[in-house]
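Peer 1: The structure file entry_7.tsv (TSV, C-alpha atoms) is provided below.
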```tsv
chain	number	residue	atom	x	y	z
A	1477	MET	CA	-1.79	-14.54	14.73
A	1478	GLU	CA	0.49	-14.89	17.74
A	1479	GLN	CA	3.04	-16.72	15.57
A	1480	LYS	CA	2.71	-14.54	12.46
A	1481	GLN	CA	2.82	-11.16	14.22
A	1482	PRO	CA	3.94	-11.73	17.85
A	1483	LEU	CA	4.64	-8.06	18.60
A	1484	LEU	CA	1.28	-6.95	17.24
A	1485	TYR	CA	-0.43	-9.75	19.19
A	1486	LYS	CA	1.10	-8.58	22.47
A	1487	HIS	CA	0.45	-4.91	21.75
A	1488	LEU	CA	-3.22	-5.39	20.95
A	1489	GLY	CA	-3.60	-7.67	23.96
A	1490	ARG	CA	-2.54	-4.75	26.16
A	1491	VAL	CA	-4.85	-2.40	24.25
A	1492	PHE	CA	-7.88	-4.65	24.73
A	1493	GLN	CA	-6.98	-5.29	28.37
A	1494	LYS	CA	-7.06	-1.55	29.03
A	1495	GLU	CA	-10.18	-1.18	26.86
A	1496	ASN	CA	-8.28	1.45	24.90
A	1497	ILE	CA	-9.09	0.32	21.36
A	1498	ALA	CA	-9.15	3.21	18.86
A	1499	HIS	CA	-12.10	3.61	16.53
A	1500	ALA	CA	-9.91	4.03	13.41
A	1501	TYR	CA	-6.79	2.09	12.40
A	1502	ILE	CA	-4.53	2.01	9.36
A	1503	PHE	CA	-3.01	-1.43	8.83
A	1504	GLU	CA	-0.01	-1.12	6.52
A	1505	GLY	CA	1.75	-4.10	4.98
A	1506	ALA	CA	2.92	-5.69	1.78
A	1507	GLU	CA	0.48	-8.57	1.44
A	1508	SER	CA	-3.24	-7.91	1.03
A	1509	LYS	CA	-4.27	-11.30	2.36
A	1510	GLU	CA	-2.35	-10.82	5.60
A	1511	LEU	CA	-3.78	-7.32	6.06
A	1512	GLU	CA	-7.31	-8.68	5.76
A	1513	GLU	CA	-6.50	-11.49	8.19
A	1514	ILE	CA	-5.31	-8.89	10.72
A	1515	ALA	CA	-8.45	-6.79	10.25
A	1516	LEU	CA	-10.70	-9.83	10.72
A	1517	TRP	CA	-8.77	-10.93	13.80
A	1518	VAL	CA	-9.10	-7.48	15.39
A	1519	SER	CA	-12.80	-7.53	14.48
A	1520	GLN	CA	-13.12	-10.88	16.22
A	1521	SER	CA	-11.38	-9.47	19.29
A	1522	ILE	CA	-13.85	-6.57	19.39
A	1523	LEU	CA	-16.92	-8.77	19.01
A	1524	CYS	CA	-15.95	-12.11	20.59
A	1525	ARG	CA	-17.85	-13.12	23.73
A	1526	GLU	CA	-15.39	-15.86	24.74
A	1527	LYS	CA	-12.10	-13.99	24.82
A	1528	THR	CA	-8.78	-15.55	25.79
A	1529	ASP	CA	-6.81	-14.71	28.92
A	1530	GLU	CA	-4.98	-12.13	26.75
A	1531	TYR	CA	-8.35	-10.35	26.14
A	1532	LEU	CA	-8.24	-11.33	22.47
A	1533	ALA	CA	-10.53	-13.37	20.21
A	1534	CYS	CA	-10.93	-17.05	20.99
A	1535	GLY	CA	-11.18	-17.75	17.25
A	1536	VAL	CA	-13.44	-20.78	17.64
A	1537	CYS	CA	-16.79	-19.56	18.96
A	1538	GLN	CA	-19.75	-19.21	16.59
A	1539	ARG	CA	-19.34	-15.45	16.28
A	1540	CYS	CA	-15.59	-15.66	15.53
A	1541	THR	CA	-16.23	-18.36	12.93
A	1542	ARG	CA	-18.95	-16.36	11.21
A	1543	ILE	CA	-16.71	-13.28	11.05
A	1544	VAL	CA	-13.97	-15.22	9.22
A	1545	ASP	CA	-16.58	-16.78	6.92
A	1546	GLY	CA	-17.91	-13.32	6.00
A	1547	ASP	CA	-21.27	-14.14	7.56
A	1548	TYR	CA	-21.51	-11.43	10.21
A	1549	PRO	CA	-23.99	-8.67	9.26
A	1550	ASP	CA	-22.44	-5.84	11.30
A	1551	ILE	CA	-19.15	-5.92	9.40
A	1552	ARG	CA	-18.98	-4.22	6.00
A	1553	PHE	CA	-16.15	-4.72	3.49
A	1554	LEU	CA	-15.28	-2.07	0.90
A	1555	TYR	CA	-13.23	-2.81	-2.22
A	1556	PRO	CA	-12.25	-0.64	-5.21
A	1557	ASP	CA	-14.91	-0.34	-7.87
A	1558	GLY	CA	-12.65	-0.72	-10.88
A	1559	GLN	CA	-9.48	1.30	-10.30
A	1560	THR	CA	-10.72	3.44	-7.42
A	1561	ILE	CA	-12.92	3.62	-4.33
A	1562	LYS	CA	-15.56	6.20	-5.17
A	1563	VAL	CA	-17.38	8.75	-3.04
A	1564	ASP	CA	-20.73	7.02	-3.62
A	1565	GLN	CA	-19.33	3.88	-1.99
A	1566	ILE	CA	-18.40	5.88	1.11
A	1567	ARG	CA	-21.83	7.50	1.21
A	1568	GLU	CA	-23.48	4.08	1.03
A	1569	VAL	CA	-21.37	2.86	3.92
A	1570	LYS	CA	-22.42	5.88	5.99
A	1571	GLN	CA	-26.02	4.78	5.55
A	1572	PHE	CA	-25.06	1.34	6.83
A	1573	PHE	CA	-23.58	2.89	9.98
A	1574	ALA	CA	-26.55	5.20	10.48
A	1575	GLY	CA	-28.86	2.22	11.07
A	1576	SER	CA	-29.01	-0.05	14.11
A	1577	GLY	CA	-26.78	-3.09	14.35
A	1578	LEU	CA	-28.42	-6.43	13.65
A	1579	GLU	CA	-26.52	-8.49	16.23
A	1580	SER	CA	-24.48	-5.97	18.21
A	1581	THR	CA	-24.24	-2.27	18.95
A	1582	LYS	CA	-20.79	-2.39	17.38
A	1583	LYS	CA	-20.24	-1.98	13.64
A	1584	ILE	CA	-17.02	-2.40	11.69
A	1585	LEU	CA	-15.91	-1.11	8.27
A	1586	ILE	CA	-12.91	-2.72	6.54
A	1587	ILE	CA	-11.59	-0.78	3.53
A	1588	ASN	CA	-9.27	-2.80	1.31
A	1589	GLN	CA	-6.65	-0.95	-0.82
A	1590	ALA	CA	-7.58	2.26	0.96
A	1591	GLU	CA	-4.94	4.19	-0.98
A	1592	LYS	CA	-7.21	3.87	-4.03
A	1593	MET	CA	-9.84	6.23	-2.64
A	1594	THR	CA	-10.54	9.21	-4.86
A	1595	PRO	CA	-9.93	12.62	-3.23
A	1596	GLN	CA	-13.70	13.05	-2.87
A	1597	ALA	CA	-14.09	9.63	-1.25
A	1598	ALA	CA	-11.16	10.29	1.10
A	1599	ASN	CA	-12.62	13.62	2.22
A	1600	SER	CA	-16.02	12.05	2.77
A	1601	LEU	CA	-14.44	9.31	4.88
A	1602	LEU	CA	-12.44	11.91	6.82
A	1603	LYS	CA	-15.65	13.55	8.03
A	1604	PHE	CA	-16.93	10.17	9.12
A	1605	ILE	CA	-13.69	9.42	11.03
A	1606	GLU	CA	-13.85	12.82	12.73
A	1607	GLU	CA	-17.48	12.33	13.74
A	1608	PRO	CA	-18.04	8.56	14.12
A	1609	VAL	CA	-21.60	7.31	14.33
A	1610	GLY	CA	-22.34	5.17	17.39
A	1611	ASP	CA	-20.00	2.39	18.45
A	1612	SER	CA	-18.17	2.08	15.12
A	1613	TYR	CA	-14.70	1.00	14.02
A	1614	ILE	CA	-12.90	1.66	10.73
A	1615	PHE	CA	-9.90	-0.33	9.47
A	1616	LEU	CA	-8.02	0.99	6.43
A	1617	LEU	CA	-5.81	-1.60	4.74
A	1618	THR	CA	-3.00	-0.31	2.54
A	1619	HIS	CA	0.40	-1.15	1.12
A	1620	ASN	CA	1.55	2.43	1.66
A	1621	ALA	CA	0.03	4.60	4.38
A	1622	SER	CA	1.76	7.71	3.01
A	1623	MET	CA	-0.58	7.61	0.02
A	1624	LEU	CA	-3.56	8.37	2.28
A	1625	LEU	CA	-4.61	11.93	3.08
A	1626	PRO	CA	-2.35	13.34	5.83
A	1627	THR	CA	-5.50	14.35	7.72
A	1628	ILE	CA	-6.73	10.76	7.65
A	1629	GLN	CA	-3.34	9.51	8.78
A	1630	SER	CA	-3.35	11.90	11.73
A	1631	ARG	CA	-6.75	10.67	12.93
A	1632	CYS	CA	-5.99	6.95	12.77
A	1633	GLN	CA	-3.69	4.64	14.71
A	1634	LEU	CA	-1.03	3.32	12.31
A	1635	VAL	CA	-0.03	-0.34	12.61
A	1636	THR	CA	2.77	-1.43	10.27
A	1637	LEU	CA	3.16	-5.19	9.93
A	1638	ARG	CA	6.63	-6.55	10.49
A	1639	ASP	CA	8.38	-7.65	7.28
A	1640	ARG	CA	9.85	-11.09	6.81
A	1641	PRO	CA	13.66	-11.30	6.28
A	1642	LYS	CA	14.64	-10.78	2.64
A	1643	SER	CA	16.87	-13.85	2.75
A	1644	GLN	CA	13.80	-15.97	3.50
A	1645	LEU	CA	11.71	-14.19	0.88
A	1646	LYS	CA	14.40	-14.63	-1.76
A	1647	ILE	CA	14.30	-18.40	-1.33
A	1648	GLU	CA	10.49	-18.39	-1.51
A	1649	PHE	CA	10.51	-16.22	-4.64
A	1650	GLN	CA	13.06	-18.46	-6.35
A	1651	GLN	CA	11.13	-21.60	-5.46
A	1652	ALA	CA	7.96	-20.04	-6.84
A	1653	GLY	CA	9.65	-19.34	-10.18
A	1654	VAL	CA	10.33	-15.59	-10.06
A	1655	SER	CA	12.73	-14.79	-12.90
A	1656	THR	CA	16.33	-13.95	-12.02
A	1657	ILE	CA	16.17	-10.63	-13.86
A	1658	ASN	CA	13.26	-9.47	-11.65
A	1659	LEU	CA	14.28	-11.11	-8.38
A	1660	ASP	CA	16.11	-8.28	-6.59
A	1661	LEU	CA	13.67	-5.64	-7.82
A	1662	LEU	CA	10.63	-7.58	-6.60
A	1663	LEU	CA	12.28	-8.20	-3.23
A	1664	GLU	CA	12.26	-4.42	-2.80
A	1665	MET	CA	8.68	-4.05	-4.00
A	1666	THR	CA	6.65	-6.76	-2.29
A	1667	GLN	CA	6.57	-9.33	0.51
A	1668	SER	CA	3.93	-11.36	-1.33
A	1669	VAL	CA	5.11	-14.45	-3.19
A	1670	ASN	CA	1.93	-14.49	-5.28
A	1671	LYS	CA	2.35	-10.83	-6.23
A	1672	ALA	CA	6.01	-11.37	-7.12
A	1673	VAL	CA	5.16	-14.29	-9.41
A	1674	GLU	CA	2.32	-12.34	-10.99
A	1675	LEU	CA	4.53	-9.32	-11.75
A	1676	SER	CA	7.47	-11.41	-12.90
A	1677	ASN	CA	5.28	-13.12	-15.51
A	1678	ASP	CA	3.44	-9.95	-16.52
A	1679	GLU	CA	4.34	-8.65	-19.99
A	1680	TRP	CA	3.33	-5.09	-19.05
A	1681	PHE	CA	5.60	-5.13	-15.98
A	1682	ASN	CA	8.61	-6.44	-17.87
A	1683	GLU	CA	8.16	-3.85	-20.59
A	1684	ALA	CA	7.79	-1.18	-17.89
A	1685	ARG	CA	11.09	-2.18	-16.30
A	1686	GLU	CA	12.87	-1.94	-19.67
A	1687	LEU	CA	11.34	1.46	-20.44
A	1688	ILE	CA	12.38	2.88	-17.06
A	1689	GLN	CA	15.91	1.53	-17.45
A	1690	LYS	CA	16.17	3.21	-20.86
A	1691	TRP	CA	14.76	6.48	-19.50
A	1692	PHE	CA	17.29	6.47	-16.67
A	1693	PHE	CA	20.10	5.67	-19.11
A	1694	TYR	CA	19.36	8.94	-20.93
A	1695	MET	CA	19.25	10.91	-17.66
A	1696	GLU	CA	22.42	9.26	-16.40
A	1697	ASN	CA	24.19	10.31	-19.60
A	1698	HIS	CA	22.77	13.86	-19.51
A	1699	ASP	CA	20.93	13.24	-22.77
A	1700	LEU	CA	17.95	15.48	-23.57
A	1701	GLN	CA	16.32	12.45	-25.16
A	1702	ALA	CA	15.13	11.71	-21.59
A	1703	PHE	CA	12.74	14.67	-21.79
A	1704	ILE	CA	11.32	13.53	-25.14
A	1705	PHE	CA	11.10	9.95	-23.90
A	1706	VAL	CA	8.41	10.91	-21.37
A	1707	GLN	CA	5.92	11.96	-24.06
A	1708	GLN	CA	6.93	9.35	-26.62
A	1709	HIS	CA	6.95	6.26	-24.38
A	1710	LEU	CA	6.14	6.72	-20.69
A	1711	MET	CA	2.78	8.49	-21.11
A	1712	ALA	CA	1.38	5.63	-23.19
A	1713	HIS	CA	2.58	2.86	-20.89
A	1714	PHE	CA	1.88	4.34	-17.45
A	1715	LYS	CA	-1.73	5.47	-17.75
A	1716	ASP	CA	-3.17	5.23	-14.23
A	1717	LYS	CA	-1.96	6.65	-10.91
A	1718	GLN	CA	-1.00	3.34	-9.31
A	1719	ASN	CA	1.20	2.34	-12.24
A	1720	GLN	CA	2.76	5.80	-12.33
A	1721	ILE	CA	3.70	5.50	-8.66
A	1722	LEU	CA	5.02	2.01	-9.36
A	1723	MET	CA	7.19	3.53	-12.09
A	1724	TYR	CA	8.87	5.81	-9.58
A	1725	ASP	CA	9.44	2.92	-7.17
A	1726	ILE	CA	11.18	0.98	-9.94
A	1727	LEU	CA	13.20	4.05	-10.95
A	1728	LEU	CA	14.36	4.56	-7.37
A	1729	TYR	CA	15.52	0.94	-7.25
A	1730	ILE	CA	17.44	1.34	-10.54
A	1731	VAL	CA	19.13	4.55	-9.32
A	1732	GLN	CA	20.25	2.93	-6.07
A	1733	LYS	CA	21.40	-0.22	-7.83
A	1734	ASN	CA	23.49	1.74	-10.33
A	1735	SER	CA	25.01	3.89	-7.60
A	1736	LYS	CA	26.58	0.78	-6.07
A	1737	LYS	CA	28.03	-0.35	-9.37
A	1738	LYS	CA	29.39	3.01	-10.54
A	1739	GLU	CA	30.94	4.64	-7.50
A	1740	SER	CA	33.52	6.44	-9.65
A	1741	SER	CA	30.90	7.94	-12.00
A	1742	SER	CA	30.51	11.71	-12.21
A	1743	PHE	CA	26.75	11.31	-12.03
A	1744	ASP	CA	25.34	12.37	-8.65
A	1745	TYR	CA	23.27	9.33	-7.62
A	1746	LEU	CA	22.51	10.68	-4.16
A	1747	LYS	CA	21.00	13.85	-5.60
A	1748	MET	CA	19.10	11.75	-8.14
A	1749	THR	CA	17.66	9.68	-5.30
A	1750	HIS	CA	16.32	12.85	-3.68
A	1751	LEU	CA	14.90	14.09	-7.01
A	1752	VAL	CA	13.08	10.80	-7.61
A	1753	SER	CA	11.66	10.74	-4.07
A	1754	ASN	CA	10.43	14.34	-4.40
A	1755	ALA	CA	8.91	13.59	-7.81
A	1756	LYS	CA	7.00	10.65	-6.36
A	1757	GLN	CA	5.61	12.83	-3.57
A	1758	LYS	CA	4.42	15.41	-6.10
A	1759	LEU	CA	2.68	12.66	-8.05
A	1760	ILE	CA	0.95	11.42	-4.89
A	1761	ALA	CA	-0.14	15.02	-4.27
A	1762	HIS	CA	-1.90	14.92	-7.69
A	1763	VAL	CA	0.58	16.93	-9.74
A	1764	SER	CA	0.43	15.94	-13.43
A	1765	PHE	CA	2.42	12.78	-14.22
A	1766	GLN	CA	3.77	14.31	-17.44
A	1767	ASN	CA	4.85	17.54	-15.73
A	1768	VAL	CA	6.51	15.68	-12.86
A	1769	SER	CA	8.37	13.31	-15.18
A	1770	GLU	CA	9.52	15.97	-17.65
A	1771	GLN	CA	10.69	18.19	-14.80
A	1772	LEU	CA	12.62	15.28	-13.29
A	1773	SER	CA	14.28	14.60	-16.64
A	1774	LEU	CA	15.52	18.17	-16.98
A	1775	ARG	CA	16.70	18.45	-13.38
A	1776	ALA	CA	18.58	15.16	-13.60
A	1777	ILE	CA	20.29	16.21	-16.85
A	1778	ARG	CA	21.23	19.69	-15.55
A	1779	THR	CA	22.11	19.06	-11.90
A	1780	CYS	CA	23.21	15.44	-11.52
```
Will you turn the file into structure tokens for me?

Peer 2:
Amino acid sequence: MEQKQPLLYKHLGRVFQKENIAHAYIFEGAESKELEEIALWVSQSILCREKTDEYLACGVCQRCTRIVDGDYPDIRFLYPDGQTIKVDQIREVKQFFAGSGLESTKKILIINQAEKMTPQAANSLLKFIEEPVGDSYIFLLTHNASMLLPTIQSRCQLVTLRDRPKSQLKIEFQQAGVSTINLDLLLEMTQSVNKAVELSNDEWFNEARELIQKWFFYMENHDLQAFIFVQQHLMAHFKDKQNQILMYDILLYIVQKNSKKKESSSFDYLKMTHLVSNAKQKLIAHVSFQNVSEQLSLRAIRTC
């Protein structure tokens, strides 16, 4: 961990030295595997009995080994059940924390893809964060902390993992076989080589990119077909919230890319960038995908 995230390593060393560890953290980063590694390492540092001179986990004692192997009973992992994390899953976890620890007074909850919590689940977790039971710790792992409830964000310590240089990632993506047509887009979307390869080879993703490009073409040319396009094509392809948010991320990339190529165009790309960003925030705030997208189409045609 010292080599992968040196700044985080030093920061948490100071935190543990001062015994100032928070009971709730949001770990934000592009790669799920790395986020889980961070959460497990912090868990080790909380529970390890043979800490290093930096007050962090030794990584080799029996307890540290069992934590990495998923064989420590006072750590609970929570993953989406299907597309979302449901309120019943949070309630079940609360029961886990209400009981006594099996090997320690300390208990740890690690929530993977925390942005996928339903509103009910998020509100249930919020109450738990506000009134923690015993000596408990909660780690929320997410690709985008802004998708969590603002009230949850305000009650957790945010740790954003440092990104790798895009020049390095580009080489790794190319070596892994990411298609040229998707390369620059995926460099903006993910730091994960595996995720980039998966999306590049995904028929749904490639069709999505083409649909968004066509939709933007209509908006860029002030064509009312953009409004009709939402109902005729986008609604059928982008059915769940995560894919709808992904759509707006791709659209933002296309807008910014076109703005660099068409500096002399009469189309207002800067204003369009703001419109797309605002539309995405509305979607995150649970405004209807169709309403948000149709409204964006009309505003782009009339004001850009």

Peer 1: Draw an axis-aligned box over all listed atoms of segment 1496-1503 of chain A, pad each side with 3 Å, and write its centre and edge lengths in Å, one decimal, as JSON.

Peer 2:
```
{"center_x": -7.6, "center_y": 1.3, "center_z": 16.9, "size_x": 15.1, "size_y": 11.5, "size_z": 22.1}
```

Peer 1: I'd like the neighbourhood of Phe1492 of chain A as a list in words, where a residue qualifies if any of its atoms comes within 9 Å (using all atoms listed in the file), though same-chain residues fewer than 3 positions away should be ignored.

Peer 2: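 Answer for this query is His1487, Leu1488, Gly1489, Glu1495, Asn1496, Ile1497, Ser1521, Ile1522, Glu1530, Tyr1531 and Leu1532 of chain A.
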
Peer 1: Residues of segment 1615-1719 of chain A that have any atom at most 9 Å from an atom of segment 1730-1733 of chain A: could you tabulate them with the shortest-distance atom pair and the distance in Å to one decimal, using only C-alpha atoms, ordered by chain and increasing number, as a tab-separated table?

Peer 2:
```
residue	atom	partner	partner_atom	distance
A:Leu1661	CA	A:Ile1730	CA	8.4
A:Ile1688	CA	A:Ile1730	CA	8.4
A:Gln1689	CA	A:Ile1730	CA	7.1
A:Phe1692	CA	A:Val1731	CA	7.8
```

Peer 1: Using all atoms listed in the file for the distances, tell me which of A:Lys1671, A:Tyr1613, A:Lys1583, A:Ala1761 is nearest to Pro1595 of chain A.

Peer 2: A:Ala1761

Peer 1: With all atoms listed in the file as the counted atoms, please give the residues lying no more than 8 Å from Ser1508 of chain A, apart from itself and same-chain residues fewer than 6 positions off, as a list in words.

Peer 2: Asn1588, Gln1589, Leu1617, Thr1618 and His1619 of chain A

Peer 1: With C-alpha atoms retained, could you export that selection as a tab-separated table (two decimals), in the frame of the given file?

Peer 2:
```tsv
chain	number	residue	atom	x	y	z
A	1588	ASN	CA	-9.27	-2.80	1.31
A	1589	GLN	CA	-6.65	-0.95	-0.82
A	1617	LEU	CA	-5.81	-1.60	4.74
A	1618	THR	CA	-3.00	-0.31	2.54
A	1619	HIS	CA	0.40	-1.15	1.12
```

Peer 1: Counting only C-alpha atoms, which residue out of A:Ser1612, A:Gln1650, A:Gln1766, A:Asn1599 sits closest to Ala1712 of chain A?

Peer 2: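 Using only C-alpha atoms, the shortest distance to Ala1712 of chain A belongs to A:Gln1766.
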
Peer 1: Distance atom CA of Gln1565 of chain A-atom CA of Val1635 of chain A, one decimal place?

Peer 2: 24.6 Å

Peer 1: Restricting the calculation to all atoms listed in the file: of A:His1762, A:Gln1520, A:Leu1663, A:Val1609, which residue gets closest to Thr1594 of chain A?

Peer 2: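 Result for the nearest residue to Thr1594 of chain A: A:His1762.
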
Peer 1: Taking a cut-off of 10 Å and counting only C-alpha atoms, can you build a table that, for each residue of segment 1675-1702 of chain A near segment 1740-1751 of chain A, reports the nearest atom pair and how far apart they are in Å (one decimal), sorted by chain then residue number, as a Markdown table?

Peer 2:
```
| residue | atom | partner | partner_atom | distance |
| --- | --- | --- | --- | --- |
| A:Met1695 | CA | A:Phe1743 | CA | 9.4 |
| A:Glu1696 | CA | A:Phe1743 | CA | 6.5 |
| A:Asn1697 | CA | A:Phe1743 | CA | 8.1 |
| A:His1698 | CA | A:Phe1743 | CA | 8.8 |
```

Peer 1: Taking all atoms listed in the file into account, name the residue in A:Ala1500, A:Lys1582, A:Asn1620, A:Ala1672 that is nearest to Leu1602 of chain A.

Peer 2: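 Checking each of A:Ala1500, A:Lys1582, A:Asn1620, A:Ala1672 against Leu1602 of chain A, counting all atoms listed in the file, the winner is A:Ala1500.
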
Peer 1: Using all atoms listed in the file, which protein or nucleic acid residues come within 10 Å of Leu1578 of chain A? Drop anything in the same chain fewer than 5 positions from it, and give the result as a list in words.

Peer 2: Tyr1548, Pro1549, Asp1550 and Lys1583 of chain A

Peer 1: Can those selected residues be exported to a file as a compact mmCIF listing (two decimals), in the coordinates of the input so that it contains C-alpha atoms?

Peer 2:
```txt
# COMPACT_ATOMS: atom_id res chain seq x y z
CA TYR A 1548 -21.51 -11.43 10.21
CA PRO A 1549 -23.99 -8.67 9.26
CA ASP A 1550 -22.44 -5.84 11.30
CA LYS A 1583 -20.24 -1.98 13.64
```

Peer 1: Just the number, please: distance in Å from atom CA of Ser1630 of chain A to atom CA of Ile1502 of chain A, one decimal.

Peer 2: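 One can read the atom CA of Ser1630 of chain A to atom CA of Ile1502 of chain A distance as 10.2 Å.
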
Peer 1: I want to know what sits within 12 Å of Thr1666 of chain A, based on only C-alpha atoms, with residues of the same chain fewer than 3 positions away left out; could you give that as a PDB file with C-alpha atoms, in the frame of the given file?

Peer 2:
```
ATOM      1  CA  GLY A1505       1.750  -4.100   4.980  1.00  0.00           C
ATOM      2  CA  ALA A1506       2.920  -5.690   1.780  1.00  0.00           C
ATOM      3  CA  GLU A1507       0.480  -8.570   1.440  1.00  0.00           C
ATOM      4  CA  SER A1508      -3.240  -7.910   1.030  1.00  0.00           C
ATOM      5  CA  HIS A1619       0.400  -1.150   1.120  1.00  0.00           C
ATOM      6  CA  ASN A1620       1.550   2.430   1.660  1.00  0.00           C
ATOM      7  CA  ASP A1639       8.380  -7.650   7.280  1.00  0.00           C
ATOM      8  CA  ARG A1640       9.850 -11.090   6.810  1.00  0.00           C
ATOM      9  CA  PRO A1641      13.660 -11.300   6.280  1.00  0.00           C
ATOM     10  CA  LYS A1642      14.640 -10.780   2.640  1.00  0.00           C
ATOM     11  CA  LEU A1645      11.710 -14.190   0.880  1.00  0.00           C
ATOM     12  CA  LYS A1646      14.400 -14.630  -1.760  1.00  0.00           C
ATOM     13  CA  PHE A1649      10.510 -16.220  -4.640  1.00  0.00           C
ATOM     14  CA  ASN A1658      13.260  -9.470 -11.650  1.00  0.00           C
ATOM     15  CA  LEU A1659      14.280 -11.110  -8.380  1.00  0.00           C
ATOM     16  CA  ASP A1660      16.110  -8.280  -6.590  1.00  0.00           C
ATOM     17  CA  LEU A1661      13.670  -5.640  -7.820  1.00  0.00           C
ATOM     18  CA  LEU A1662      10.630  -7.580  -6.600  1.00  0.00           C
ATOM     19  CA  LEU A1663      12.280  -8.200  -3.230  1.00  0.00           C
ATOM     20  CA  VAL A1669       5.110 -14.450  -3.190  1.00  0.00           C
ATOM     21  CA  ASN A1670       1.930 -14.490  -5.280  1.00  0.00           C
ATOM     22  CA  LYS A1671       2.350 -10.830  -6.230  1.00  0.00           C
ATOM     23  CA  ALA A1672       6.010 -11.370  -7.120  1.00  0.00           C
ATOM     24  CA  VAL A1673       5.160 -14.290  -9.410  1.00  0.00           C
ATOM     25  CA  GLU A1674       2.320 -12.340 -10.990  1.00  0.00           C
ATOM     26  CA  LEU A1675       4.530  -9.320 -11.750  1.00  0.00           C
ATOM     27  CA  SER A1676       7.470 -11.410 -12.900  1.00  0.00           C
ATOM     28  CA  LEU A1722       5.020   2.010  -9.360  1.00  0.00           C
ATOM     29  CA  ASP A1725       9.440   2.920  -7.170  1.00  0.00           C
ATOM     30  CA  ILE A1726      11.180   0.980  -9.940  1.00  0.00           C
TER      31      ILE A1726
END
```

Peer 1: Can you tell me how far atom CA of Ser1668 of chain A sits from atom CA of Ile1561 of chain A, in Å to one decimal?

Peer 2: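 Pair atom CA of Ser1668 of chain A / atom CA of Ile1561 of chain A returns 22.7 Å.
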
Peer 1: Smallest atom-to-atom distance to Arg1775 of chain A: which of A:Met1723, A:Gln1708, A:Asp1699, A:Leu1616, using all atoms listed in the file?

Peer 2: A:Asp1699

Peer 1: When you look at segment 1533-1536 of chain A with a cut-off of 8 Å (counting only C-alpha atoms), what residues show up, excluding the ones that are within fewer than 4 positions of it in the same chain? I need them as a ChimeraX atom specification.

Peer 2: /A:1517-1518,1520-1524,1526-1528,1540-1541

Peer 1: Looking at A:Val1654, A:Ala1621, A:Leu1516, A:Val1563, which one is nearest to Ile1584 of chain A, with distances taken over all atoms listed in the file?

Peer 2: A:Leu1516
